[in-house]
Each structure stands twice: as C-alpha cells, then as structure tokens.
2 protein chains.
Amino acid sequence: MQDHFAHQHCGDCPIRHRAVCARCDSDELAALEQIKYYRSYQAGQTVIWSGDRMEFVGSVVTGIATLTQTMEDGRRQMVGLLLPSDFVGRPGRAVAAFDVTATTDLVMCCFRKKPFEEMMGRTPHIAQRLLEMTLDELDAAREWMLLLGRKTAREKIASLIAIIARREASLQVRRPKGVLSVDLPLTREEMADYLGLTLETVSRQMSALKKDGVISLEGNRHVMIPDLDRLLEEAGDDSDGGMLV
Amino acid sequence: MQDHFAHQHCGDCPIRHRAVCARCDSDELAALEQIKYYRSYQAGQTVIWSGDRMEFVGSVVTGIATLTQTMEDGRRQMVGLLLPSDFVGRPGRAVAAFDVTATTDLVMCCFRKKPFEEMMGRTPHIAQRLLEMTLDELDAAREWMLLLGRKTAREKIASLIAIIARREASLQVRRPKGVLSVDLPLTREEMADYLGLTLETVSRQMSALKKDGVISLEGNRHVMIPDLDRLLEEAGDDSDGGMLV
DNA sequence: CTCTCATGTTGATCTGAGTCAAGGCGTGCG
DNA sequence: CGCACGCCTTGACTCAGATCAACATGAGAG
C-alpha cells in the first residue's frame, strides 16, 4: 500500500500534499516521516465519532470521507466532504466535533497529535500552510451556507454537480472541450444529506434536470454535462464563483 | 479613541485579543504597534465588497459587522457575524470573498496586509493563533450548516437567541441564576438573512415563542429568557453544544 | 405637533419540498 | 435459478414557510 505513494510527486506528507514541497527542507521531511503512519478504513466504516478523543491528525490519501452532524431525532447534515489531500483533525483540540465516515474505502496518512503539534511549534510554515488550507475550507463552508439557506432544490443539485465537475475538470490537464462526464461519489441519500434535502427530492430534481437536457445520466452515478455554462446558470452561481473546492 | 483601549487588559492587538498575551514578547508587541491603525465605520456602511482588493487584515474592536453573500436576484445569506475580537481578512488572499458590512457603528484595528504577513513569517505563534481561531470559526460555520439545512424555523430562532444568550452569559462573571436578558444586535431582516428565512417568518416565530412562554419581549430588540434549558430544548441542540461562538 | 420612514406584526393564500407509499432495477447469495 | 436487499424512481397528498398585503409602532425631521 505504501509503495503506491512512494513515487507520487508530493509523497503523503499532509503539508506537502498541497504543493508546498519547496518549503520543506530535508530535516523536516525526515522528522515528518518518522512520526507518520497509515490507517485504512472500509467503505461505510466510521473513522471518528463526534465527541471522541482524537489522537491523531492526518490527511486523506485515497478514497472519500464525509463529515456529518446528527440531531437526536436522526436529522442529519453533511458538513464537509473530504477528498484526497484534505486535512482532518485540529491541532489544539482534543475532541472531534463531527462524525467522520468513510464513504468509499479510505486510506489516511496520520500523525499522532502530540508530536505533530511539537513539530508545528518548531516549523513555522506548517502552521501557515494549515492556516491557508483552513481559510479555504472556511470560505467553502460559507459558500455552502448560501446554498443551504437560499437555493432551491434544483439549484442545489445543479451546484453540487457543478462543483464536482469543476474539480474533475481541474484535475485533467487540458480542459475538455466537449461533454464533461462526472462520477458522483455519493448515493442519493448522501447527496440529500449534503444539500439539506430528502433523497426523494434529489431523485426528482435529477430527473427534472435530465428531462430539461441540462444533464444526462448513464446509470445512477454517472452524469454527462453537455454544457457547463448552462449547468452553472441552473446553479444560480455568481459568474465566476470558481475559487472553491 | 485609542485612549479608550489603552487600559483594556489585552489592548487591541488581534492576536492578544483572544488571551494569548503571555506569548507575545515586547519586541513583537512593539512591532505590531508600529504597523497598526484604526478604521471607523458608521452603522450601515460597507467595510468591503466581495471581490474588492483587500489591503488590510484586522479585528473588530467595538461594534458588530456581518459577512454576507448575495445572489444576482437579490437573495441574501449572512455567513458570519463579527463581534469584538473577531478577525477579518486572510493573509495570503488578495480579494475579499464576501461583503463585510457594519451593522452598528464599528471600530476596527487594522494592519496593512503586507507587513502583517511578513510579521507572521517571523513570529510563528501568530500563525498558530490564527489557525486556532480559524478552526473555531470553521466549526461554528459547520454547526450553522446543520441549522440552515435541517432545523425548522422555530428551532432556528431558538438557536440564534440561545447562541447570543450564551455569549452574553459567558461575558458576565457570575452565571445569573434567574432570568437571562439579551439584546438582539440584529433587525428582523438581518436575523432572517442569518437564518435562511423571511423576515415575516422570523416575526411570527418570535411571537409564537413568546406566546408559549419560552421567551418574553421588551420592545423589539430585548429578549428575556426565563429558562435557558427550555430554550435549548426548543433549539434542538445537542445536550452540550456549548463549544461554539 | 404632524409627517415620514424604517421597522415590526399579523392575516390570507400559495407553493416547493417533505412524507408516505408503491414499485423498479441490479447484484450478490443461498 | 430465484430471492432478498440496497439503491433509486415516481406518484399522491400534506404542510411549513414563502409571498402578498394591510396595518401598527416609534423615532427623527421639519
């Protein structure tokens, strides 16, 4: 398993993951290597329960995890989607604030919290890098608040698909000219939990967008987007809104 | 104006504001003093428009500001409430992502971004402190996502009042035994924008909570809470949920 | 003092999304 | 093979909150 990452450009250091390799000198990297370890989870497994002591911080290497919050009566809201390179946990707080669940098989690269915090104290740019990442997440969360508070069901669905599509597109080297195609990493129910809807409404709005030619479906999880601008219009997004996740 | 703050315990350094004075040595404080300055805004004035270049970072000294996002058709969502000691702006990004508006008269203590960033490079614990604060804000934003996505109008109102009440209570040295009383710093419309509701619904649910004896009103902006536990129950909050804002 | 304007309340009605219920795939298993 | 189970779709009905509209209150300006 670990071999798989050995020849990735940025290895698996959570700090390097987001392209700050240049700032890590070899001593620091060696130190990080010494305290890191891996954890694997199966799809559906819970990584941490809200309220649990959290002994580690880390980042996602492969797979997808979700951050969710649940009310006593079972109402559930997903508050974050963790993709490869995303950071989990917080230096300085002992207890997890949200449930973290693996929605696919998941591999995380972890550091025990204590040594990581000590390391952070000695290596200023780690805190700076984490600060940048956290500020990005905060902006994304706030963008999501607009979606949850003010968008219609149709706009919510269109926004979600657009965000996933945009991320896929940005991973590809050249922007594809023609039809974009996207794999949804979430079930209808998970989409509903993310968007503050019910799964029935998600299903209905997907059908509606399909009927109106905004998207087409191939199986349940694969979406083709003939015209990204059209989709963005349906999403009610500000012209550029492209800075997010 | 500056005299007013001279004898506050923590002065106005945004880093010290949240009780890390002990970690600031005198050289650092002197350096911060040199680059800081004040800005005042009148109630209703816009501090920054989303998309504007942001030349400074800073923290609120007195007054209240809001972070909002607006769609082209005018739908508006408040995504943050800035209270004294809250930090505004982000080292590392040139452009504001949200509108910042003063809802009351507002004084901010600012630092030009460039020198502040340089300072941050030299003074590791500033980044660490900002990281902590940002993580707190992120948790609060995620908590708010549950409210926006899943709570009923009544629960939303109760939650908002509870949050404000809790903060007031925590400022007072001794927890008051009896009736808590809270000043709402927001108009009905601003509350609606914060909660993802319309102002009519806010008004109706306030009346309903009053009729049911959960709160009582004295004027429009002053709320008395005979039983905080009852209010929390109405808010649908998890037992403790007290870690936030 | 009255007028105006911003703010807040309340009522009547409408509607988007939730709820309840009935199937429809597709996959894995006995 | 057929059955069960997880996931998804669709229909009928309901209801919480939005919308539209009228009116109340209070503070400041002239």
# chains A, B, ... in the order shown; residues from 1 in each chain; ligands from 1
>>> closest_atom_pairs(of="chain B", to="chain D", cutoff="10 Å", atoms="only C-alpha atoms (C1' of nucleotides)", output="CSV")
residue,atom,partner,partner_atom,distance
B:Thr152,CA,D:DA16,C1',8.3
B:Ala153,CA,D:DG17,C1',7.9
B:Leu197,CA,D:DG17,C1',8.1
B:Thr198,CA,D:DA18,C1',7.4
B:Glu200,CA,D:DA18,C1',8.9
B:Thr201,CA,D:DG17,C1',7.1
>>> closest_atom_pairs(of="chain C", to="chain B", cutoff="10 Å", atoms="only C-alpha atoms (C1' of nucleotides)", output="CSV")
residue,atom,partner,partner_atom,distance
C:DT7,C1',B:Thr187,CA,7.9
C:DG8,C1',B:Ser203,CA,7.4
C:DT9,C1',B:Ser203,CA,7.0
C:DT10,C1',B:Arg204,CA,8.1
>>> interface_residues(of="chain B", to="chain A", cutoff="6 Å", atoms="only C-alpha atoms", output="count of residues only")
13
>>> atom_distance(atom1="atom CA of Arg53 of chain B", atom2="atom CA of Lys36 of chain B")
18.8 Å
>>> atom_distance(atom1="atom C1' of DG11 of chain C", atom2="atom CA of Val223 of chain B")
24.8 Å
>>> select_by_dssp(residues="segment 95-215 of chain B", states="helix (DSSP H, G or I)", output="VMD selection string")
chain B and resid 113 to 122 124 to 150 153 to 171 188 to 195 199 to 211
>>> atom_distance(atom1="atom CA of Asp227 of chain B", atom2="atom CA of Gly213 of chain B")
9.3 Å
>>> select_by_dssp(residues="segment 105-236 of chain B", states="strand (DSSP E or B)", output="list in words")
Leu106, Val107, Met108, Cys109, Cys110, Phe111, Arg112, Leu180, Ser181, Val182, Asp183, Ser216, Leu217, Glu218, His222, Val223, Met224 and Ile225 of chain B
>>> write_last_selection(atoms="N, CA and C atoms", output="short mmCIF file (atom, residue, chain, number, x, y, z; two decimals), in the first residue's frame")
data_model
loop_
_atom_site.label_atom_id
_atom_site.label_comp_id
_atom_site.auth_asym_id
_atom_site.auth_seq_id
_atom_site.Cartn_x
_atom_site.Cartn_y
_atom_site.Cartn_z
N LEU B 106 -18.83 50.98 14.07
CA LEU B 106 -17.81 49.92 14.14
C LEU B 106 -16.41 50.53 14.18
N VAL B 107 -15.57 50.00 15.05
CA VAL B 107 -14.16 50.38 15.04
C VAL B 107 -13.34 49.12 14.85
N MET B 108 -12.45 49.18 13.89
CA MET B 108 -11.58 48.04 13.67
C MET B 108 -10.12 48.44 13.87
N CYS B 109 -9.36 47.50 14.36
CA CYS B 109 -7.93 47.68 14.49
C CYS B 109 -7.26 46.92 13.35
N CYS B 110 -6.58 47.65 12.47
CA CYS B 110 -6.11 47.04 11.23
C CYS B 110 -4.59 47.02 11.12
N PHE B 111 -4.15 46.11 10.28
CA PHE B 111 -2.75 46.05 9.90
C PHE B 111 -2.68 45.93 8.39
N ARG B 112 -1.82 46.71 7.77
CA ARG B 112 -1.68 46.52 6.33
C ARG B 112 -1.21 45.10 6.11
N LEU B 180 -32.40 35.37 32.24
CA LEU B 180 -31.38 35.95 31.38
C LEU B 180 -32.02 37.00 30.50
N SER B 181 -31.31 38.07 30.23
CA SER B 181 -31.87 39.01 29.28
C SER B 181 -30.83 39.40 28.25
N VAL B 182 -31.29 39.49 27.03
CA VAL B 182 -30.39 39.59 25.89
C VAL B 182 -30.85 40.70 24.95
N ASP B 183 -29.90 41.49 24.48
CA ASP B 183 -30.21 42.44 23.41
C ASP B 183 -29.87 41.84 22.07
N SER B 216 -39.73 36.17 26.59
CA SER B 216 -40.64 37.31 26.57
C SER B 216 -39.90 38.51 25.99
N LEU B 217 -40.68 39.41 25.40
CA LEU B 217 -40.07 40.53 24.70
C LEU B 217 -40.33 41.83 25.45
N GLU B 218 -39.35 42.69 25.36
CA GLU B 218 -39.48 44.02 25.96
C GLU B 218 -38.98 44.98 24.89
N HIS B 222 -35.22 43.45 22.76
CA HIS B 222 -34.75 42.94 24.03
C HIS B 222 -35.52 41.68 24.41
N VAL B 223 -34.82 40.61 24.65
CA VAL B 223 -35.43 39.31 24.92
C VAL B 223 -35.10 38.85 26.33
N MET B 224 -36.12 38.40 27.06
CA MET B 224 -35.89 37.82 28.38
C MET B 224 -36.10 36.31 28.29
N ILE B 225 -35.20 35.58 28.91
CA ILE B 225 -35.26 34.12 28.84
C ILE B 225 -35.43 33.55 30.25
#
